[in-house]
Each structure stands twice: as structure tokens, then as C-alpha cells.
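> Below you'll find start-v9.pdb; it's PDB, N, CA and C atoms.
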```pdb
ATOM      1  N   MET A   1     109.306  87.197 104.564
ATOM      2  CA  MET A   1     107.948  86.866 104.215
ATOM      3  C   MET A   1     107.322  87.969 103.362
ATOM      4  N   ARG A   2     107.576  89.207 103.738
ATOM      5  CA  ARG A   2     106.994  90.319 102.981
ATOM      6  C   ARG A   2     107.494  90.312 101.537
ATOM      7  N   LEU A   3     108.773  90.042 101.356
ATOM      8  CA  LEU A   3     109.342  90.016 100.012
ATOM      9  C   LEU A   3     108.718  88.906  99.170
ATOM     10  N   ALA A   4     108.458  87.759  99.779
ATOM     11  CA  ALA A   4     107.840  86.640  99.060
ATOM     12  C   ALA A   4     106.421  86.997  98.634
ATOM     13  N   VAL A   5     105.662  87.613  99.528
ATOM     14  CA  VAL A   5     104.290  88.017  99.195
ATOM     15  C   VAL A   5     104.311  89.080  98.109
ATOM     16  N   ASP A   6     105.215  90.036  98.215
ATOM     17  CA  ASP A   6     105.321  91.084  97.182
ATOM     18  C   ASP A   6     105.649  90.484  95.815
ATOM     19  N   GLN A   7     106.492  89.477  95.790
ATOM     20  CA  GLN A   7     106.836  88.810  94.525
ATOM     21  C   GLN A   7     105.609  88.111  93.935
ATOM     22  N   GLN A   8     104.825  87.484  94.786
ATOM     23  CA  GLN A   8     103.600  86.824  94.331
ATOM     24  C   GLN A   8     102.601  87.842  93.787
ATOM     25  N   ILE A   9     102.506  88.991  94.443
ATOM     26  CA  ILE A   9     101.626  90.058  93.971
ATOM     27  C   ILE A   9     102.089  90.536  92.596
ATOM     28  N   ASP A  10     103.379  90.780  92.454
ATOM     29  CA  ASP A  10     103.921  91.238  91.168
ATOM     30  C   ASP A  10     103.626  90.226  90.065
ATOM     31  N   ASN A  11     103.785  88.949  90.366
ATOM     32  CA  ASN A  11     103.501  87.899  89.391
ATOM     33  C   ASN A  11     102.026  87.917  88.997
ATOM     34  N   ALA A  12     101.135  88.055  89.974
ATOM     35  CA  ALA A  12      99.701  88.088  89.693
ATOM     36  C   ALA A  12      99.340  89.300  88.828
ATOM     37  N   VAL A  13      99.957  90.440  89.100
ATOM     38  CA  VAL A  13      99.668  91.653  88.324
ATOM     39  C   VAL A  13     100.147  91.493  86.872
ATOM     40  N   VAL A  14     101.314  90.905  86.678
ATOM     41  CA  VAL A  14     101.816  90.673  85.320
ATOM     42  C   VAL A  14     100.853  89.771  84.554
ATOM     43  N   LEU A  15     100.427  88.690  85.188
ATOM     44  CA  LEU A  15      99.486  87.775  84.535
ATOM     45  C   LEU A  15      98.143  88.451  84.290
ATOM     46  N   LEU A  16      97.717  89.284  85.215
ATOM     47  CA  LEU A  16      96.457  90.003  85.057
ATOM     48  C   LEU A  16      96.499  90.926  83.848
ATOM     49  N   HIS A  17      97.609  91.644  83.681
ATOM     50  CA  HIS A  17      97.760  92.503  82.497
ATOM     51  C   HIS A  17      97.778  91.664  81.220
ATOM     52  N   ARG A  18      98.448  90.536  81.277
ATOM     53  CA  ARG A  18      98.564  89.663  80.110
ATOM     54  C   ARG A  18      97.208  89.114  79.673
ATOM     55  N   LEU A  19      96.322  88.889  80.628
ATOM     56  CA  LEU A  19      95.014  88.290  80.339
ATOM     57  C   LEU A  19      93.874  89.304  80.344
ATOM     58  N   ALA A  20      94.199  90.584  80.386
ATOM     59  CA  ALA A  20      93.171  91.623  80.513
ATOM     60  C   ALA A  20      92.098  91.531  79.436
ATOM     61  N   SER A  21      92.486  91.299  78.205
ATOM     62  CA  SER A  21      91.496  91.255  77.129
ATOM     63  C   SER A  21      90.578  90.044  77.247
ATOM     64  N   GLN A  22      91.040  88.989  77.915
ATOM     65  CA  GLN A  22      90.238  87.775  78.041
ATOM     66  C   GLN A  22      89.339  87.782  79.273
ATOM     67  N   VAL A  23      89.770  88.426  80.342
ATOM     68  CA  VAL A  23      88.948  88.457  81.552
ATOM     69  C   VAL A  23      88.157  89.754  81.686
ATOM     70  N   GLY A  24      88.474  90.728  80.878
ATOM     71  CA  GLY A  24      87.742  91.988  80.884
ATOM     72  C   GLY A  24      88.576  93.137  81.419
ATOM     73  N   ASP A  25      88.752  94.136  80.572
ATOM     74  CA  ASP A  25      89.555  95.300  80.953
ATOM     75  C   ASP A  25      88.959  96.028  82.156
ATOM     76  N   GLU A  26      87.606  96.054  82.247
ATOM     77  CA  GLU A  26      86.956  96.741  83.367
ATOM     78  C   GLU A  26      87.274  96.047  84.692
ATOM     79  N   LEU A  27      87.247  94.711  84.681
ATOM     80  CA  LEU A  27      87.558  93.956  85.888
ATOM     81  C   LEU A  27      89.009  94.179  86.302
ATOM     82  N   VAL A  28      89.905  94.172  85.340
ATOM     83  CA  VAL A  28      91.323  94.398  85.627
ATOM     84  C   VAL A  28      91.524  95.787  86.218
ATOM     85  N   ALA A  29      90.881  96.778  85.627
ATOM     86  CA  ALA A  29      90.994  98.153  86.142
ATOM     87  C   ALA A  29      90.455  98.246  87.564
ATOM     88  N   ALA A  30      89.346  97.571  87.839
ATOM     89  CA  ALA A  30      88.764  97.600  89.179
ATOM     90  C   ALA A  30      89.681  96.911  90.187
ATOM     91  N   LEU A  31      90.260  95.778  89.807
ATOM     92  CA  LEU A  31      91.167  95.053  90.700
ATOM     93  C   LEU A  31      92.406  95.876  91.030
ATOM     94  N   LEU A  32      92.974  96.515  90.021
ATOM     95  CA  LEU A  32      94.211  97.265  90.222
ATOM     96  C   LEU A  32      93.977  98.655  90.794
ATOM     97  N   GLY A  33      92.782  99.194  90.614
ATOM     98  CA  GLY A  33      92.480 100.546  91.080
ATOM     99  C   GLY A  33      91.950 100.625  92.495
ATOM    100  N   ASN A  34      91.581  99.495  93.059
ATOM    101  CA  ASN A  34      91.032  99.466  94.412
ATOM    102  C   ASN A  34      92.171  99.613  95.417
ATOM    103  N   LYS A  35      92.130 100.653  96.240
ATOM    104  CA  LYS A  35      93.232 100.924  97.179
ATOM    105  C   LYS A  35      93.278  99.955  98.355
ATOM    106  N   GLN A  36      92.151  99.335  98.694
ATOM    107  CA  GLN A  36      92.074  98.371  99.793
ATOM    108  C   GLN A  36      92.545  98.969 101.119
ATOM    109  N   GLU A  37      92.110 100.175 101.402
ATOM    110  CA  GLU A  37      92.499 100.845 102.644
ATOM    111  C   GLU A  37      91.441 100.724 103.732
ATOM    112  N   THR A  38      90.221 100.369 103.375
ATOM    113  CA  THR A  38      89.141 100.223 104.348
ATOM    114  C   THR A  38      88.600  98.802 104.279
ATOM    115  N   ASP A  39      87.837  98.432 105.291
ATOM    116  CA  ASP A  39      87.228  97.101 105.291
ATOM    117  C   ASP A  39      86.305  96.917 104.094
ATOM    118  N   GLU A  40      85.605  97.978 103.725
ATOM    119  CA  GLU A  40      84.693  97.904 102.584
ATOM    120  C   GLU A  40      85.457  97.667 101.279
ATOM    121  N   GLU A  41      86.572  98.354 101.125
ATOM    122  CA  GLU A  41      87.382  98.177  99.910
ATOM    123  C   GLU A  41      87.999  96.780  99.850
ATOM    124  N   ILE A  42      88.388  96.245 100.990
ATOM    125  CA  ILE A  42      88.947  94.888 101.015
ATOM    126  C   ILE A  42      87.853  93.877 100.692
ATOM    127  N   ALA A  43      86.641  94.096 101.230
ATOM    128  CA  ALA A  43      85.515  93.206 100.909
ATOM    129  C   ALA A  43      85.190  93.272  99.421
ATOM    130  N   LYS A  44      85.248  94.474  98.862
ATOM    131  CA  LYS A  44      85.010  94.637  97.422
ATOM    132  C   LYS A  44      86.066  93.876  96.628
ATOM    133  N   GLN A  45      87.324  93.950  97.059
ATOM    134  CA  GLN A  45      88.412  93.258  96.360
ATOM    135  C   GLN A  45      88.192  91.747  96.391
ATOM    136  N   ARG A  46      87.716  91.241  97.519
ATOM    137  CA  ARG A  46      87.427  89.803  97.605
ATOM    138  C   ARG A  46      86.374  89.403  96.580
ATOM    139  N   GLY A  47      85.360  90.237  96.410
ATOM    140  CA  GLY A  47      84.336  89.974  95.397
ATOM    141  C   GLY A  47      84.892  90.032  93.991
ATOM    142  N   LEU A  48      85.749  90.996  93.741
ATOM    143  CA  LEU A  48      86.373  91.113  92.420
ATOM    144  C   LEU A  48      87.261  89.908  92.118
ATOM    145  N   VAL A  49      87.993  89.443  93.113
ATOM    146  CA  VAL A  49      88.849  88.264  92.925
ATOM    147  C   VAL A  49      87.989  87.025  92.681
ATOM    148  N   ALA A  50      86.863  86.919  93.361
ATOM    149  CA  ALA A  50      85.952  85.791  93.120
ATOM    150  C   ALA A  50      85.428  85.818  91.682
ATOM    151  N   GLU A  51      85.093  86.997  91.199
ATOM    152  CA  GLU A  51      84.645  87.132  89.802
ATOM    153  C   GLU A  51      85.768  86.780  88.841
ATOM    154  N   LEU A  52      86.983  87.217  89.155
ATOM    155  CA  LEU A  52      88.136  86.889  88.322
ATOM    156  C   LEU A  52      88.323  85.381  88.231
ATOM    157  N   LYS A  53      88.221  84.702  89.358
ATOM    158  CA  LYS A  53      88.390  83.245  89.367
ATOM    159  C   LYS A  53      87.339  82.555  88.511
ATOM    160  N   LYS A  54      86.099  83.063  88.533
ATOM    161  CA  LYS A  54      85.041  82.494  87.680
ATOM    162  C   LYS A  54      85.416  82.630  86.205
ATOM    163  N   ARG A  55      85.899  83.795  85.850
ATOM    164  CA  ARG A  55      86.259  84.034  84.443
ATOM    165  C   ARG A  55      87.483  83.211  84.043
ATOM    166  N   LEU A  56      88.412  83.044  84.950
ATOM    167  CA  LEU A  56      89.612  82.265  84.649
ATOM    168  C   LEU A  56      89.295  80.781  84.489
ATOM    169  N   ALA A  57      88.269  80.310  85.171
ATOM    170  CA  ALA A  57      87.896  78.897  85.081
ATOM    171  C   ALA A  57      87.483  78.519  83.661
ATOM    172  N   ALA A  58      87.015  79.490  82.902
ATOM    173  CA  ALA A  58      86.590  79.236  81.523
ATOM    174  C   ALA A  58      87.758  79.230  80.541
ATOM    175  N   LEU A  59      88.927  79.636  81.000
ATOM    176  CA  LEU A  59      90.103  79.701  80.130
ATOM    177  C   LEU A  59      91.014  78.512  80.410
ATOM    178  N   ASP A  60      91.539  77.921  79.365
ATOM    179  CA  ASP A  60      92.420  76.765  79.530
ATOM    180  C   ASP A  60      93.799  77.084  78.967
ATOM    181  N   THR A  61      94.481  78.009  79.644
ATOM    182  CA  THR A  61      95.838  78.380  79.229
ATOM    183  C   THR A  61      96.743  78.340  80.463
ATOM    184  N   PRO A  62      98.034  78.184  80.262
ATOM    185  CA  PRO A  62      98.952  78.206  81.410
ATOM    186  C   PRO A  62      98.892  79.517  82.201
ATOM    187  N   ASP A  63      98.756  80.643  81.494
ATOM    188  CA  ASP A  63      98.667  81.931  82.181
ATOM    189  C   ASP A  63      97.413  82.007  83.048
ATOM    190  N   ALA A  64      96.298  81.514  82.523
ATOM    191  CA  ALA A  64      95.044  81.536  83.288
ATOM    192  C   ALA A  64      95.142  80.656  84.524
ATOM    193  N   LYS A  65      95.753  79.510  84.378
ATOM    194  CA  LYS A  65      95.922  78.618  85.534
ATOM    195  C   LYS A  65      96.871  79.234  86.561
ATOM    196  N   GLY A  66      97.927  79.893  86.086
ATOM    197  CA  GLY A  66      98.856  80.555  86.994
ATOM    198  C   GLY A  66      98.206  81.693  87.742
ATOM    199  N   LEU A  67      97.380  82.477  87.038
ATOM    200  CA  LEU A  67      96.693  83.587  87.695
ATOM    201  C   LEU A  67      95.637  83.076  88.664
ATOM    202  N   ALA A  68      94.954  81.998  88.309
ATOM    203  CA  ALA A  68      93.970  81.423  89.229
ATOM    204  C   ALA A  68      94.639  80.992  90.529
ATOM    205  N   ALA A  69      95.841  80.451  90.432
ATOM    206  CA  ALA A  69      96.573  80.018  91.618
ATOM    207  C   ALA A  69      97.073  81.202  92.443
ATOM    208  N   ALA A  70      97.355  82.324  91.785
ATOM    209  CA  ALA A  70      97.927  83.488  92.472
ATOM    210  C   ALA A  70      96.911  84.593  92.747
ATOM    211  N   ALA A  71      95.665  84.399  92.350
ATOM    212  CA  ALA A  71      94.664  85.466  92.428
ATOM    213  C   ALA A  71      94.455  85.996  93.842
ATOM    214  N   ASP A  72      94.542  85.141  94.852
ATOM    215  CA  ASP A  72      94.320  85.605  96.227
ATOM    216  C   ASP A  72      95.379  86.604  96.679
ATOM    217  N   TYR A  73      96.505  86.649  95.995
ATOM    218  CA  TYR A  73      97.526  87.633  96.347
ATOM    219  C   TYR A  73      97.133  89.043  95.917
ATOM    220  N   LEU A  74      96.064  89.174  95.128
ATOM    221  CA  LEU A  74      95.566  90.491  94.743
ATOM    222  C   LEU A  74      94.780  91.141  95.879
ATOM    223  N   ILE A  75      94.517  90.376  96.933
ATOM    224  CA  ILE A  75      93.856  90.897  98.124
ATOM    225  C   ILE A  75      94.956  91.249  99.134
ATOM    226  N   ARG A  76      94.905  92.469  99.627
ATOM    227  CA  ARG A  76      95.949  92.954 100.534
ATOM    228  C   ARG A  76      96.115  92.022 101.731
ATOM    229  N   LYS A  77      97.359  91.738 102.039
ATOM    230  CA  LYS A  77      97.693  90.853 103.154
ATOM    231  C   LYS A  77      98.470  91.630 104.212
ATOM    232  N   SER A  78      98.200  91.319 105.457
ATOM    233  CA  SER A  78      99.009  91.841 106.563
ATOM    234  C   SER A  78     100.021  90.773 106.920
ATOM    235  N   ILE A  79     101.242  91.175 107.113
ATOM    236  CA  ILE A  79     102.299  90.248 107.496
ATOM    237  C   ILE A  79     102.699  90.572 108.932
ATOM    238  N   TRP A  80     102.544  89.608 109.795
ATOM    239  CA  TRP A  80     102.924  89.754 111.196
ATOM    240  C   TRP A  80     104.041  88.773 111.479
ATOM    241  N   SER A  81     105.031  89.226 112.190
ATOM    242  CA  SER A  81     106.147  88.358 112.514
ATOM    243  C   SER A  81     106.392  88.394 114.023
ATOM    244  N   PHE A  82     106.454  87.232 114.606
ATOM    245  CA  PHE A  82     106.701  87.124 116.034
ATOM    246  C   PHE A  82     107.962  86.295 116.235
ATOM    247  N   GLY A  83     108.723  86.652 117.215
ATOM    248  CA  GLY A  83     109.928  85.885 117.488
ATOM    249  C   GLY A  83     110.171  85.769 118.977
ATOM    250  N   GLY A  84     110.929  84.791 119.295
ATOM    251  CA  GLY A  84     111.291  84.595 120.693
ATOM    252  C   GLY A  84     112.697  85.076 120.951
ATOM    253  N   ASP A  85     113.248  84.655 122.082
ATOM    254  CA  ASP A  85     114.575  85.111 122.449
ATOM    255  C   ASP A  85     115.672  84.372 121.690
ATOM    256  N   GLY A  86     115.313  83.442 120.843
ATOM    257  CA  GLY A  86     116.307  82.701 120.077
ATOM    258  C   GLY A  86     116.721  83.380 118.789
ATOM    259  N   TRP A  87     116.141  84.514 118.478
ATOM    260  CA  TRP A  87     116.452  85.174 117.206
ATOM    261  C   TRP A  87     117.928  85.550 117.095
ATOM    262  N   ALA A  88     118.592  85.826 118.223
ATOM    263  CA  ALA A  88     119.991  86.228 118.185
ATOM    264  C   ALA A  88     120.916  85.058 118.486
ATOM    265  N   TYR A  89     120.359  83.866 118.523
ATOM    266  CA  TYR A  89     121.140  82.654 118.774
ATOM    267  C   TYR A  89     121.881  82.712 120.099
ATOM    268  N   ASP A  90     121.286  83.372 121.102
ATOM    269  CA  ASP A  90     122.004  83.480 122.363
ATOM    270  C   ASP A  90     121.438  82.575 123.450
ATOM    271  N   ILE A  91     120.556  81.673 123.118
ATOM    272  CA  ILE A  91     120.039  80.748 124.119
ATOM    273  C   ILE A  91     121.168  79.801 124.523
ATOM    274  N   GLY A  92     121.484  79.804 125.765
ATOM    275  CA  GLY A  92     122.502  78.895 126.268
ATOM    276  C   GLY A  92     123.930  79.352 126.048
ATOM    277  N   PHE A  93     124.129  80.479 125.442
ATOM    278  CA  PHE A  93     125.488  80.954 125.186
ATOM    279  C   PHE A  93     125.829  82.186 126.012
ATOM    280  N   GLY A  94     124.973  82.556 126.948
ATOM    281  CA  GLY A  94     125.269  83.686 127.826
ATOM    282  C   GLY A  94     125.414  84.986 127.074
ATOM    283  N   ALA A  95     124.718  85.130 125.971
ATOM    284  CA  ALA A  95     124.733  86.350 125.164
ATOM    285  C   ALA A  95     126.121  86.692 124.648
ATOM    286  N   LEU A  96     126.878  85.670 124.263
ATOM    287  CA  LEU A  96     128.219  85.910 123.718
ATOM    288  C   LEU A  96     128.195  86.770 122.465
ATOM    289  N   ASP A  97     127.129  86.649 121.676
ATOM    290  CA  ASP A  97     127.055  87.464 120.463
ATOM    291  C   ASP A  97     127.049  88.951 120.802
ATOM    292  N   HIS A  98     126.439  89.336 121.939
ATOM    293  CA  HIS A  98     126.424  90.734 122.341
ATOM    294  C   HIS A  98     127.813  91.197 122.793
ATOM    295  N   VAL A  99     128.530  90.318 123.430
ATOM    296  CA  VAL A  99     129.895  90.648 123.843
ATOM    297  C   VAL A  99     130.773  90.855 122.620
ATOM    298  N   PHE A 100     130.667  89.930 121.645
ATOM    299  CA  PHE A 100     131.473  90.072 120.427
ATOM    300  C   PHE A 100     131.090  91.312 119.645
ATOM    301  N   ALA A 101     129.805  91.617 119.618
ATOM    302  CA  ALA A 101     129.352  92.782 118.873
ATOM    303  C   ALA A 101     129.818  94.086 119.504
ATOM    304  N   SER A 102     130.046  94.086 120.811
ATOM    305  CA  SER A 102     130.483  95.310 121.476
ATOM    306  C   SER A 102     131.997  95.484 121.413
ATOM    307  N   ALA A 103     132.689  94.554 120.815
ATOM    308  CA  ALA A 103     134.148  94.589 120.668
ATOM    309  C   ALA A 103     134.875  94.546 122.001
ATOM    310  N   ALA A 104     134.207  94.039 123.030
ATOM    311  CA  ALA A 104     134.852  93.917 124.341
ATOM    312  C   ALA A 104     135.449  92.526 124.454
ATOM    313  N   THR A 105     136.592  92.332 123.863
ATOM    314  CA  THR A 105     137.209  91.001 123.870
ATOM    315  C   THR A 105     138.360  90.911 124.810
TER     316      THR A 105
END
```
Rewrite the coordinates I just gave you, this time as C-alpha cells.


Amino acid sequence: MRLAVDQQIDNAVVLLHRLASQVGDELVAALLGNKQETDEEIAKQRGLVAELKKRLAALDTPDAKGLAAAADYLIRKSIWSFGGDGWAYDIGFGALDHVFASAAT
């Protein structure tokens, strides 16, 4: 999941650089320069992304439409992963995978 989100972020940044002259170099610099380490910085980023979306709505290009679709990825995301006991495929198999992994055959 993290790799997929990172790829989406990279795509959004490429499109943002490509459209910088059309959406405003200052806005692009603010979006990319915001560290998003505090709640205030994340709230600021949400506002910047909202402004970006407004500016993109006025553009009718494939890049603008692609960036509008990916713009929310410019806001830092937390990825949480939860799993149950089935992650090792040992439900109902008496933990045979652990026996095989220990080379005790």
C-alpha cells in the first residue's frame, strides 16, 4: 500500500511541475515546500490543494485532469496495516509453515 501511495505522490509531483506555469509557481513552491509535520502544516496543505483544484478546474488539458484526480495525494497520508493470524497461511494447517521454515523435517 505504501508503495502505491508513493507512486501516486510521484505522479502528482511530476504533473505539478509540468503545470507550474499555468497554476502558479508560488502555489507549486508552497505545495512542495510544506513539510506537513504538524497539524497546522497539514491543514495548510489541505487549503493549498483546494486552491490548486480551483485553478485546475479552469484548465482543459489531460495533465490538468490527471493532476486534479491525483491532487489529494499531495496531502500526507498515514498508512496503517492490520492483519490477523492468517497472514502466514497457517490457519488449519497446524503451523506447518513454521516447521518447514525451521528445517525440522

> Going by the chain IDs and residue numbers used in this file, which residues fall under the PyMOL selection byres ((chain A and resi 30-35) around 8)? Write them as a list of chain:residue names.

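The output of the PyMOL selection byres ((chain A and resi 30-35) around 8) on this file is A:Gly24, A:Asp25, A:Glu26, A:Leu27, A:Val28, A:Ala29, A:Gln36, A:Glu37, A:Thr38, A:Glu41, A:Ile42, A:Lys44, A:Gln45, A:Leu48, A:Val49, A:Leu74, A:Arg76.
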
> Go ahead and write the residues just picked, N, CA and C atoms, as a PDB file, in the coordinates of the input.


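Saved result, part-v3.pdb, follows:
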```pdb
ATOM      1  N   GLY A  24      88.474  90.728  80.878  1.00  0.00           N
ATOM      2  CA  GLY A  24      87.742  91.988  80.884  1.00  0.00           C
ATOM      3  C   GLY A  24      88.576  93.137  81.419  1.00  0.00           C
ATOM      4  N   ASP A  25      88.752  94.136  80.572  1.00  0.00           N
ATOM      5  CA  ASP A  25      89.555  95.300  80.953  1.00  0.00           C
ATOM      6  C   ASP A  25      88.959  96.028  82.156  1.00  0.00           C
ATOM      7  N   GLU A  26      87.606  96.054  82.247  1.00  0.00           N
ATOM      8  CA  GLU A  26      86.956  96.741  83.367  1.00  0.00           C
ATOM      9  C   GLU A  26      87.274  96.047  84.692  1.00  0.00           C
ATOM     10  N   LEU A  27      87.247  94.711  84.681  1.00  0.00           N
ATOM     11  CA  LEU A  27      87.558  93.956  85.888  1.00  0.00           C
ATOM     12  C   LEU A  27      89.009  94.179  86.302  1.00  0.00           C
ATOM     13  N   VAL A  28      89.905  94.172  85.340  1.00  0.00           N
ATOM     14  CA  VAL A  28      91.323  94.398  85.627  1.00  0.00           C
ATOM     15  C   VAL A  28      91.524  95.787  86.218  1.00  0.00           C
ATOM     16  N   ALA A  29      90.881  96.778  85.627  1.00  0.00           N
ATOM     17  CA  ALA A  29      90.994  98.153  86.142  1.00  0.00           C
ATOM     18  C   ALA A  29      90.455  98.246  87.564  1.00  0.00           C
ATOM     19  N   GLN A  36      92.151  99.335  98.694  1.00  0.00           N
ATOM     20  CA  GLN A  36      92.074  98.371  99.793  1.00  0.00           C
ATOM     21  C   GLN A  36      92.545  98.969 101.119  1.00  0.00           C
ATOM     22  N   GLU A  37      92.110 100.175 101.402  1.00  0.00           N
ATOM     23  CA  GLU A  37      92.499 100.845 102.644  1.00  0.00           C
ATOM     24  C   GLU A  37      91.441 100.724 103.732  1.00  0.00           C
ATOM     25  N   THR A  38      90.221 100.369 103.375  1.00  0.00           N
ATOM     26  CA  THR A  38      89.141 100.223 104.348  1.00  0.00           C
ATOM     27  C   THR A  38      88.600  98.802 104.279  1.00  0.00           C
ATOM     28  N   GLU A  41      86.572  98.354 101.125  1.00  0.00           N
ATOM     29  CA  GLU A  41      87.382  98.177  99.910  1.00  0.00           C
ATOM     30  C   GLU A  41      87.999  96.780  99.850  1.00  0.00           C
ATOM     31  N   ILE A  42      88.388  96.245 100.990  1.00  0.00           N
ATOM     32  CA  ILE A  42      88.947  94.888 101.015  1.00  0.00           C
ATOM     33  C   ILE A  42      87.853  93.877 100.692  1.00  0.00           C
ATOM     34  N   LYS A  44      85.248  94.474  98.862  1.00  0.00           N
ATOM     35  CA  LYS A  44      85.010  94.637  97.422  1.00  0.00           C
ATOM     36  C   LYS A  44      86.066  93.876  96.628  1.00  0.00           C
ATOM     37  N   GLN A  45      87.324  93.950  97.059  1.00  0.00           N
ATOM     38  CA  GLN A  45      88.412  93.258  96.360  1.00  0.00           C
ATOM     39  C   GLN A  45      88.192  91.747  96.391  1.00  0.00           C
ATOM     40  N   LEU A  48      85.749  90.996  93.741  1.00  0.00           N
ATOM     41  CA  LEU A  48      86.373  91.113  92.420  1.00  0.00           C
ATOM     42  C   LEU A  48      87.261  89.908  92.118  1.00  0.00           C
ATOM     43  N   VAL A  49      87.993  89.443  93.113  1.00  0.00           N
ATOM     44  CA  VAL A  49      88.849  88.264  92.925  1.00  0.00           C
ATOM     45  C   VAL A  49      87.989  87.025  92.681  1.00  0.00           C
ATOM     46  N   LEU A  74      96.064  89.174  95.128  1.00  0.00           N
ATOM     47  CA  LEU A  74      95.566  90.491  94.743  1.00  0.00           C
ATOM     48  C   LEU A  74      94.780  91.141  95.879  1.00  0.00           C
ATOM     49  N   ARG A  76      94.905  92.469  99.627  1.00  0.00           N
ATOM     50  CA  ARG A  76      95.949  92.954 100.534  1.00  0.00           C
ATOM     51  C   ARG A  76      96.115  92.022 101.731  1.00  0.00           C
TER      52      ARG A  76
END
```

> What are the centre and the three edge lengths of an axis-aligned box that wraps all atoms of region 41-53 of chain A in the file, given that 6 Å is added to every side, written as AutoDock Vina command-line options and rounded to one decimal in Å?


```
--center_x 86.6 --center_y 90.5 --center_z 94.7 --size_x 16.6 --size_y 27.8 --size_z 25.0
```

> I'd like the residues picked by the PyMOL selection byres (((chain A and resi 52 and name CA) around 9) and name CA) written out as JSON, numbers by chain, using the chain letters and numbers from the file.

{"A": [23, 27, 28, 47, 48, 49, 50, 51, 53, 54, 55, 56, 57, 68, 71]}

> What is the distance between CA of Leu19 (chain A) and CA of Ala43 (chain A), in Å to one decimal?

23.2 Å

> Please, what distance in Å, to one decimal, runs between CA of Leu15 (chain A) and CA of Ala64 (chain A)?

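Distance between the two atoms: 7.8 Å.
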
> Any idea what the distance is between CA of Tyr73 (chain A) and atom C of Gln8 (chain A)?

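Rounded to one decimal, the two atoms are 5.7 Å apart.
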